[in-house]
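As structure tokens, the structure follows; a few thoughts come after it.
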Amino acid sequence: MQKTTFINLLMFLLLCFTSQAQLQSPEEYLKFKKGDRFLRHHQVVSYYEYVAAQNPSQVKLIQYGSTNEGRPLIAAVVASAENFAALEEIRTNNLKAIGLLDGKPSTRKQPAIAWMSYNVHGNESCGTNTAPFVIHELLNPNSARSKAILANTVVILDPSINPDGYDRYANWYNQKVGAKYNANAAAWEHQEPWPGGRFNHYIFDLNRDWAWQVQKESQERMALYRQWMPQLHADFHEQGVESPYYFSPAAKPYHEDITAWQREFQKIIGDYNKKDFDKNGWLYFSKERFDLLYPSYGDTYPTYNGAFGMTYEQGGSGRAGLGIVKRDGDTLTLKQRIDHHFSTSFACLDAISANADKAVTEFIKFHDNTSKNPIGPYKSYVIKTKGEEARVKEFLNYLDKEGFQYGVAGKDYMANGYSYHDDKAGFVKVEAEDVVFNLYQPRSMFLKILMEPKTMVEDSMTYDITSWSLPYAYGLKAYALKDRLNPAGKVNFENKITKAENAYAYLARWQSFSDLKFLSAIMQKGIKVRSAAKSFEIEGQTYPAGTLVITRTGNERLGAQLEKILTEEATKLGVGLTAVTTGMATKGSDFGSENVVFLKMPKVATVAGEGISTTGFGEVWHFFDQQIQYPITVLPENTLGSTNLAQFDVLILPGGNYNRILNESALGKIKEWVRNGGRLIAIENALKALAGKEGFELKAKEDEKKKESDESKLKIYGNAERESISEETPGSIYRVTMDTTHPLAFGYGNTYFSLVLEGAAYQYLNDGWNVGVTKSKDLIAGFAGVKAQEKLKNSLIWGVQDMGRGNVVYLANNPLFRGFWQNGKLLFGNAVFVLGN
């Protein structure tokens with residue numbers, strides 16, 4: 001019996017060895033030489049499927065989702081045969097150890113978990129072309145290095161985070177390249193057209209969507225990420241052609257809460273990274289440009305969740321193609337780029353494997369410490385709910401997506417805390433129905449960073465925005481408290497829908513993005529809707545300006561279907577709906593008044609193409625197509641001047657450079673269209689194309705000219721970059737004072753908190769409506785340069801100019817930024833649906 005068992009085991013091991021020994025390389029399987037061409041995404045998937053089929057005892061292939069264009073999103077989990085046999089135990093042990101899964105971990109030795117992500121930016125294409133070589137080498141039975149890695153580490157490989165963007169680039173390049181590539185930088189194959197392959201289908205930057213998960217790919221990837229919670233995440237990118245390779249240690253600023261061990265490992269992994277580069281004489285740099293602050297990157301999101309997160313940047317990107325001549329005369333080839341990413345892929349795996357025990361121990365300690373002794377002055381948060389239920393629901397949806405714990409206060413009491421809205425400390429009355437949550441829970445650090453009122457920035461030269469606090473992003477009445485508050489019960493918001501046998505009208509308050517989605521849905525089902533231009537009282541209830549009024553009059557053809565459609569959509573979207581039996585208000589205007597205006601279902605167009613901000617356009621497109629599911633026509637920028645605009649009610653100009661697009665003829669045509677009843681909405685730097693032009697009231701604020709002394713002209717060359725940021729506002733939060741009587745501000749209070757992204761500032765309108773403005777001291781959080789702060793005082797943020805029978809809407813800040821600034825979406829909806837009726 002024992003002899004038979006030994007022989008069977010020997011045969012099994014021999015079979016496994018034979019199978020691995022016969023594993024074809026990517027070049028053999030796909031019939032190409034490394035660097036000779038760009039693989040298409042389906043070829044990479046095919047190779048990973050082949051590898052998994054050939055190595056069932058070491059590889060688990062997971063399709064965790066699909067892209068907007070239907071391409072599969074896959075990840076391969078690679079482990080030693082021993083660890084693979086206990087893979088589910090390893091995964092669940094990891095979650096149990098940090099409190100994300102109930103139960104006690106088993107006593108088995110826990111390997112580290114490393115996650116490698118390639119090609120979050122589609123035209124940073126060498127990542128996806130490196131991934132097949134990485135998985136092949138990990139399974140090489142003759143590689144002592146791979147065996148050592150897998151002895152201590154479970155490796156998760158995602159060969160392409162952004163398949164739609166990757167294939168957009170690869171297909172374009174493969175169509176443009178000749179029999180041999182042309183390394184001349186002026187050649188066709190190096191001139192990637194708009195919008196480029198960097199972005200996903202909806203032209204969003206997935207590398208800035210880790211925390212917010214607005215995009216489909218991010219939502220599906222992060223669901224899998226939270227099922228594993230790795231100790232290391234490596235994010236592989238490319239940068240400009242002339243830049244050498246970048247790897248850790250990261251640049252400052254580091255977020256203040258990054259632990260000593262995480263900082264130490266940045267240096268450790270840098271030492272591993274440099275080995276091959278030093279040996280081969282490859283150029284590289286570290287400690288510059290790429291910092292660890294903004295929480296929605298592929299390095300910071302893992303870092304704030306206890307892992308080692310790091311960015312790798314190879315020179316090349318979309319311009320490089322298969323080969324390109326650089327300024328120094330050398331040719332940068334795809335093969336070189338693959339070799340560099342291959343080297344750092346294994347360097348970081350070597351580093352985590354060599355430090356696996358400490359990495360796992362410190363990972364558990366990180367979560368244990370932060371959940372038992374939360375970092376920072378605030379331990380709990382209160383979200384006021386009365387009258388704000390719809391906004392609070394949207395916020396709770398986000399907390400649910402991330403798996404955070406919350407509940408209701410359960411009773412009334414007084415507490416001392418910081419008011420986000422007032423930007424000061426004081427007493428707050430906590431009411432029983434308020435939402436409360438604290439940092440004494442798993443993933444406490446990440447929650448703290450999302451909620452922190454003001455982010456401490458140790459260096460103002462940052463790579464991205466410097467403030468993102470969720471209470472401001474969601475427009476919440478929130479308080480941060482120094483004491484621990486424990487939820488007393490579950491949140492249970494009733495979706496209040498009242499009916500009446502002889503309903504005269506149905507009312508829906510206008511106060512959240514869900515209300516806007518409700519309007520979009522019922523309009524598209526043929527329901528005629530009105531909007532109250534002023535607040536009113538009816539049947540004992542007060543309703544604010546903007547309230548939707550759906551009368552039976554005008555909807556008679558729907559009969560009983562009217563109530564059925566309204567209640568179904570209200571239930572689905574969590575919108576309150578009240579039936580009333582009269583059209584006479586006890587205070588304010590009756591429903592037949594001119595102050596209760598009919599909302600025309602607008603025909604909307606926007607512009608895309610060269611000169612238009614790629615992500616600015618993507619934010620508009622995704623808003624309509626996915627978020628409110630409302631039809632929009634996308635006009636190519638080179639047809640704007642010849643398009644018959646009379647077929648549209650609303651034209652949206654995303655941010656961009658319109659100097660070429662809006663020539664004198666095109667601008668004149670647009671003005672005529674506006675005067676005839678059209679509505680032009682200009683966002684962010686699209687305002688520059690209108691400012692100062694004939695017929696437009698918008699004027700840019702001029703810098704105050706001060707006579708410079710001779711001494712002030714003696715500037716230091718080495719300080720040029722740092723001095724230039726004095727005019728910048730890289731994502732700071734400003735208080736905006738609102739005119740709540742104007743339709744653009746319906747659904748808002750007197751104060752709105754806006755994410756300001758650039759220092760461009762505009763004067764108040766002389767002949768128009770200054771709906772949202774900054775005043776003298778309105779910087780709330782984040783960094784803004786001294787000159788930018790001065791310029792942004794007393795500036796227009798949102799404005800409306802009446803022009804003939806139409807109007808122009810000036811949105812100096814982008815209310816749709818990255819799709820995560822939830823509080824801006826209703827305002828944008830006002831501009832599209834409510835204004836001008």
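By convention in this document, the chains of the structure tokens carry letters A, B, ... by their order, each chain's residues are numbered from 1, and ligands are numbered from 1 in the order they are shown.
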Among range 140-340 of chain A, which ones does DSSP assign to helix (DSSP H, G or I) (computed from the backbone)? Answer as a short mmCIF file (atom, residue, chain, number, x, y, z; two decimals) with C-alpha atoms, in the first residue's frame.
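Result written to selection-v4.cif:
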```cif
data_model
loop_
_atom_site.label_atom_id
_atom_site.label_comp_id
_atom_site.auth_asym_id
_atom_site.auth_seq_id
_atom_site.Cartn_x
_atom_site.Cartn_y
_atom_site.Cartn_z
CA ALA A 144 15.17 29.01 -8.66
CA ARG A 145 14.10 32.64 -8.42
CA SER A 146 10.47 31.86 -9.30
CA LYS A 147 10.39 28.92 -6.91
CA ALA A 148 11.68 31.14 -4.10
CA ILE A 149 9.03 33.74 -4.84
CA LEU A 150 6.17 31.24 -4.91
CA ALA A 151 7.39 29.52 -1.77
CA ASN A 152 6.47 32.64 0.21
CA PRO A 163 -8.63 46.35 -22.29
CA ASP A 164 -10.81 48.80 -24.24
CA GLY A 165 -8.18 51.52 -24.13
CA TYR A 166 -5.38 49.04 -24.79
CA ASP A 167 -7.02 47.62 -27.90
CA ARG A 168 -7.90 51.13 -29.11
CA TYR A 169 -4.18 51.87 -29.09
CA ALA A 170 -2.88 48.50 -30.27
CA ASN A 171 -5.36 48.27 -33.16
CA TRP A 172 -4.58 51.84 -34.26
CA TYR A 173 -0.82 51.29 -34.12
CA ASN A 174 -0.92 47.94 -35.86
CA GLN A 175 -2.89 49.58 -38.69
CA LYS A 176 -0.40 52.43 -39.08
CA TRP A 188 2.49 58.70 -38.66
CA GLU A 189 2.77 55.77 -36.27
CA HIS A 190 3.93 58.10 -33.47
CA LEU A 206 -9.09 54.45 -14.48
CA ASN A 207 -5.92 55.21 -12.53
CA ARG A 208 -7.76 58.00 -10.74
CA LYS A 216 -17.51 49.59 -14.51
CA GLU A 217 -13.96 48.22 -14.70
CA SER A 218 -13.07 49.79 -11.34
CA GLN A 219 -16.19 48.50 -9.61
CA GLU A 220 -15.55 44.93 -10.75
CA ARG A 221 -11.80 44.97 -10.08
CA MET A 222 -12.17 46.44 -6.61
CA ALA A 223 -14.78 43.86 -5.64
CA LEU A 224 -12.12 41.20 -6.35
CA TYR A 225 -9.39 43.24 -4.66
CA ARG A 226 -11.36 43.37 -1.41
CA GLN A 227 -11.77 39.59 -1.55
CA TRP A 228 -7.98 39.21 -1.37
CA ALA A 260 7.10 53.77 9.32
CA TRP A 261 7.20 50.22 7.93
CA GLN A 262 5.52 51.29 4.69
CA ARG A 263 8.07 54.08 4.33
CA GLU A 264 10.91 51.67 5.08
CA PHE A 265 9.67 49.21 2.47
CA GLN A 266 9.69 51.98 -0.15
CA LYS A 267 13.46 52.05 0.36
CA ILE A 268 13.82 48.28 0.54
CA ILE A 269 12.04 47.75 -2.73
CA GLY A 270 14.06 50.55 -4.32
CA ASP A 271 17.21 48.56 -3.51
CA TYR A 272 15.75 45.48 -5.22
CA ASN A 273 14.59 47.53 -8.21
CA LYS A 274 17.98 49.02 -8.92
CA LYS A 275 19.94 45.75 -9.10
CA ASP A 276 19.24 44.85 -12.75
CA PHE A 277 19.26 48.52 -13.75
CA ASP A 278 22.70 49.09 -12.25
CA LYS A 279 24.04 45.86 -13.73
CA ASN A 280 22.76 46.70 -17.22
CA THR A 300 -2.20 55.08 -2.60
CA TYR A 301 -5.45 53.07 -2.36
CA PRO A 302 -3.46 49.91 -1.44
CA THR A 303 -1.17 51.93 0.84
CA TYR A 304 -4.10 53.39 2.80
CA SER A 317 3.77 55.53 -23.73
CA GLY A 318 1.65 56.12 -26.84
CA ARG A 319 4.32 57.96 -28.83
CA ALA A 320 6.94 55.25 -28.63
CA LEU A 334 9.28 47.95 -27.26
CA LYS A 335 11.58 45.06 -26.38
CA GLN A 336 13.62 47.31 -24.08
CA ARG A 337 10.46 48.57 -22.43
CA ILE A 338 9.22 45.01 -21.85
CA ASP A 339 12.60 43.99 -20.42
CA HIS A 340 12.52 46.87 -17.94
#
```
Selection: 9 Å around Pro636 in chain A, only C-alpha atoms, excl. self and same-chain fewer than 6 positions, as an NGL selection string: :A and (606-610)
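With only C-alpha atoms as the atoms that count, the residue of A:Ala508, A:Ala532, A:Ala415, A:Val832 with the shortest distance to Lys603 in chain A is A:Val832.
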DSSP-assigned strand (DSSP E or B) among range 546-757 of chain A, expressed as a PyMOL selection string: chain A and resi 548-551+577-580+587+596-599+604-608+612+633-636+650-653+656+679-683+700+732-738+751-756
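Excluding Tyr810 in chain A itself and same-chain residues fewer than 3 positions from it, the residues having an atom within 10 Å of it are Leu680, Ile681, Ala682, Ile683, Glu684, Ala686, Leu687, Leu690, Ala691, Leu698, Tyr762, Asn770, Val771, Leu796, Ile797, Trp798, Gly799, Val800, Gln801, Asn807, Asn813 and Ala831 of chain A, counting only C-alpha atoms.
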Atomic separation - CA of Ala307 in chain A relative to CA of Lys60 in chain A, Å: 22.5 Å
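If only C-alpha atoms are the atoms counted, then among A:Lys180, A:His341, A:Lys669, A:Arg71 the closest residue to Gly127 in chain A is A:His341.
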Leaving out Pro815 in chain A and any residue of its chain fewer than 2 positions from it, which residues lie within 12 Å of it when counting only C-alpha atoms, given as a tab-separated table (two decimals) with N, CA, C and O atoms, in the first residue's frame?
```
chain	number	residue	atom	x	y	z
A	473	ALA	N	-17.92	66.39	-0.96
A	473	ALA	CA	-18.22	65.80	-2.26
A	473	ALA	C	-19.68	65.39	-2.38
A	473	ALA	O	-20.26	65.43	-3.46
A	474	TYR	N	-20.29	64.99	-1.25
A	474	TYR	CA	-21.69	64.54	-1.27
A	474	TYR	C	-22.66	65.62	-0.79
A	474	TYR	O	-23.86	65.37	-0.75
A	616	GLY	N	-12.73	65.60	-19.81
A	616	GLY	CA	-13.87	66.51	-19.69
A	616	GLY	C	-15.03	66.06	-20.54
A	616	GLY	O	-16.19	66.06	-20.11
A	619	GLU	N	-16.51	62.79	-19.01
A	619	GLU	CA	-17.38	63.01	-17.85
A	619	GLU	C	-18.79	63.39	-18.27
A	619	GLU	O	-19.77	62.94	-17.68
A	620	VAL	N	-18.91	64.21	-19.32
A	620	VAL	CA	-20.23	64.57	-19.83
A	620	VAL	C	-20.91	63.36	-20.47
A	620	VAL	O	-22.09	63.07	-20.20
A	623	PHE	N	-21.97	60.81	-17.86
A	623	PHE	CA	-23.07	61.35	-17.06
A	623	PHE	C	-24.41	61.06	-17.74
A	623	PHE	O	-25.36	60.57	-17.11
A	654	PRO	N	-17.53	70.90	-23.22
A	654	PRO	CA	-16.63	70.44	-22.16
A	654	PRO	C	-15.37	71.30	-22.16
A	654	PRO	O	-15.11	72.07	-23.09
A	655	GLY	N	-14.58	71.16	-21.12
A	655	GLY	CA	-13.32	71.89	-21.08
A	655	GLY	C	-12.48	71.60	-22.31
A	655	GLY	O	-12.60	70.54	-22.93
A	681	ILE	N	-23.91	75.64	-22.54
A	681	ILE	CA	-23.29	75.37	-21.24
A	681	ILE	C	-21.80	75.19	-21.47
A	681	ILE	O	-21.37	74.26	-22.15
A	682	ALA	N	-21.01	76.11	-20.91
A	682	ALA	CA	-19.55	76.04	-21.05
A	682	ALA	C	-18.95	75.64	-19.72
A	682	ALA	O	-19.31	76.19	-18.67
A	683	ILE	N	-18.03	74.68	-19.76
A	683	ILE	CA	-17.45	74.12	-18.54
A	683	ILE	C	-15.96	74.43	-18.47
A	683	ILE	O	-15.23	74.28	-19.45
A	684	GLU	N	-15.52	74.85	-17.31
A	684	GLU	CA	-14.12	75.03	-16.96
A	684	GLU	C	-13.41	75.88	-18.01
A	684	GLU	O	-13.87	76.97	-18.35
A	752	TYR	N	-22.35	76.16	-1.16
A	752	TYR	CA	-21.95	74.98	-1.92
A	752	TYR	C	-20.43	74.88	-1.79
A	752	TYR	O	-19.73	75.90	-1.79
A	753	PHE	N	-19.91	73.66	-1.69
A	753	PHE	CA	-18.47	73.47	-1.61
A	753	PHE	C	-17.98	72.90	-2.93
A	753	PHE	O	-18.39	71.82	-3.35
A	754	SER	N	-17.13	73.66	-3.59
A	754	SER	CA	-16.69	73.33	-4.94
A	754	SER	C	-15.23	72.92	-4.96
A	754	SER	O	-14.40	73.49	-4.24
A	755	LEU	N	-14.91	71.94	-5.79
A	755	LEU	CA	-13.53	71.53	-6.00
A	755	LEU	C	-12.96	72.42	-7.10
A	755	LEU	O	-13.38	72.35	-8.26
A	756	VAL	N	-12.02	73.28	-6.74
A	756	VAL	CA	-11.42	74.21	-7.69
A	756	VAL	C	-10.13	73.61	-8.22
A	756	VAL	O	-9.25	73.23	-7.46
A	757	LEU	N	-10.03	73.54	-9.54
A	757	LEU	CA	-8.96	72.78	-10.17
A	757	LEU	C	-7.93	73.63	-10.90
A	757	LEU	O	-6.89	73.15	-11.30
A	797	ILE	N	-18.15	81.62	-9.95
A	797	ILE	CA	-18.01	80.17	-10.08
A	797	ILE	C	-19.11	79.62	-11.00
A	797	ILE	O	-18.85	78.89	-11.94
A	798	TRP	N	-20.37	79.99	-10.72
A	798	TRP	CA	-21.48	79.62	-11.59
A	798	TRP	C	-22.22	80.91	-12.01
A	798	TRP	O	-22.55	81.73	-11.15
A	810	TYR	N	-22.32	79.60	-17.46
A	810	TYR	CA	-20.88	79.57	-17.24
A	810	TYR	C	-20.59	78.74	-15.99
A	810	TYR	O	-20.97	79.11	-14.88
A	811	LEU	N	-19.91	77.62	-16.17
A	811	LEU	CA	-19.52	76.75	-15.05
A	811	LEU	C	-18.00	76.79	-14.96
A	811	LEU	O	-17.30	76.00	-15.60
A	812	ALA	N	-17.49	77.74	-14.18
A	812	ALA	CA	-16.04	77.94	-14.12
A	812	ALA	C	-15.33	76.74	-13.49
A	812	ALA	O	-14.16	76.49	-13.78
A	813	ASN	N	-16.01	76.01	-12.64
A	813	ASN	CA	-15.49	74.76	-12.10
A	813	ASN	C	-16.32	73.61	-12.64
A	813	ASN	O	-17.51	73.77	-12.90
A	817	PHE	N	-16.50	66.53	-12.17
A	817	PHE	CA	-15.11	66.11	-12.12
A	817	PHE	C	-14.95	64.65	-11.68
A	817	PHE	O	-15.35	64.26	-10.59
A	818	ARG	N	-14.39	63.85	-12.60
A	818	ARG	CA	-14.11	62.42	-12.36
A	818	ARG	C	-15.33	61.62	-11.94
A	818	ARG	O	-15.20	60.48	-11.50
A	819	GLY	N	-16.50	62.22	-12.01
A	819	GLY	CA	-17.72	61.51	-11.67
A	819	GLY	C	-17.91	61.27	-10.18
A	819	GLY	O	-18.89	60.66	-9.78
A	820	PHE	N	-16.98	61.76	-9.33
A	820	PHE	CA	-17.07	61.44	-7.90
A	820	PHE	C	-17.58	62.60	-7.07
A	820	PHE	O	-17.99	62.40	-5.93
A	821	TRP	N	-17.57	63.83	-7.63
A	821	TRP	CA	-18.06	64.97	-6.86
A	821	TRP	C	-19.58	64.98	-6.97
A	821	TRP	O	-20.18	65.72	-7.73
A	822	GLN	N	-20.20	64.11	-6.17
A	822	GLN	CA	-21.62	63.80	-6.29
A	822	GLN	C	-22.51	65.04	-6.18
A	822	GLN	O	-23.54	65.14	-6.83
A	823	ASN	N	-22.09	65.98	-5.36
A	823	ASN	CA	-22.93	67.14	-5.09
A	823	ASN	C	-23.06	68.07	-6.29
A	823	ASN	O	-23.96	68.91	-6.33
A	824	GLY	N	-22.19	67.94	-7.28
A	824	GLY	CA	-22.27	68.81	-8.44
A	824	GLY	C	-23.24	68.36	-9.50
A	824	GLY	O	-23.60	69.11	-10.41
A	825	LYS	N	-23.71	67.12	-9.39
A	825	LYS	CA	-24.50	66.54	-10.48
A	825	LYS	C	-25.90	67.15	-10.58
A	825	LYS	O	-26.43	67.31	-11.68
A	826	LEU	N	-26.50	67.47	-9.45
A	826	LEU	CA	-27.82	68.09	-9.50
A	826	LEU	C	-27.72	69.49	-10.11
A	826	LEU	O	-28.59	69.89	-10.88
A	827	LEU	N	-26.65	70.22	-9.78
A	827	LEU	CA	-26.47	71.54	-10.35
A	827	LEU	C	-26.34	71.45	-11.87
A	827	LEU	O	-26.93	72.25	-12.61
A	828	PHE	N	-25.58	70.48	-12.35
A	828	PHE	CA	-25.45	70.29	-13.79
A	828	PHE	C	-26.81	69.91	-14.39
A	828	PHE	O	-27.17	70.37	-15.48
A	829	GLY	N	-27.58	69.10	-13.67
A	829	GLY	CA	-28.92	68.76	-14.11
A	829	GLY	C	-29.82	69.99	-14.20
A	829	GLY	O	-30.65	70.11	-15.12
A	830	ASN	N	-29.67	70.92	-13.26
A	830	ASN	CA	-30.42	72.18	-13.33
A	830	ASN	C	-30.10	72.92	-14.62
A	830	ASN	O	-30.99	73.47	-15.28
A	831	ALA	N	-28.81	72.96	-14.98
A	831	ALA	CA	-28.40	73.67	-16.18
A	831	ALA	C	-29.01	73.06	-17.43
A	831	ALA	O	-29.38	73.76	-18.38
```
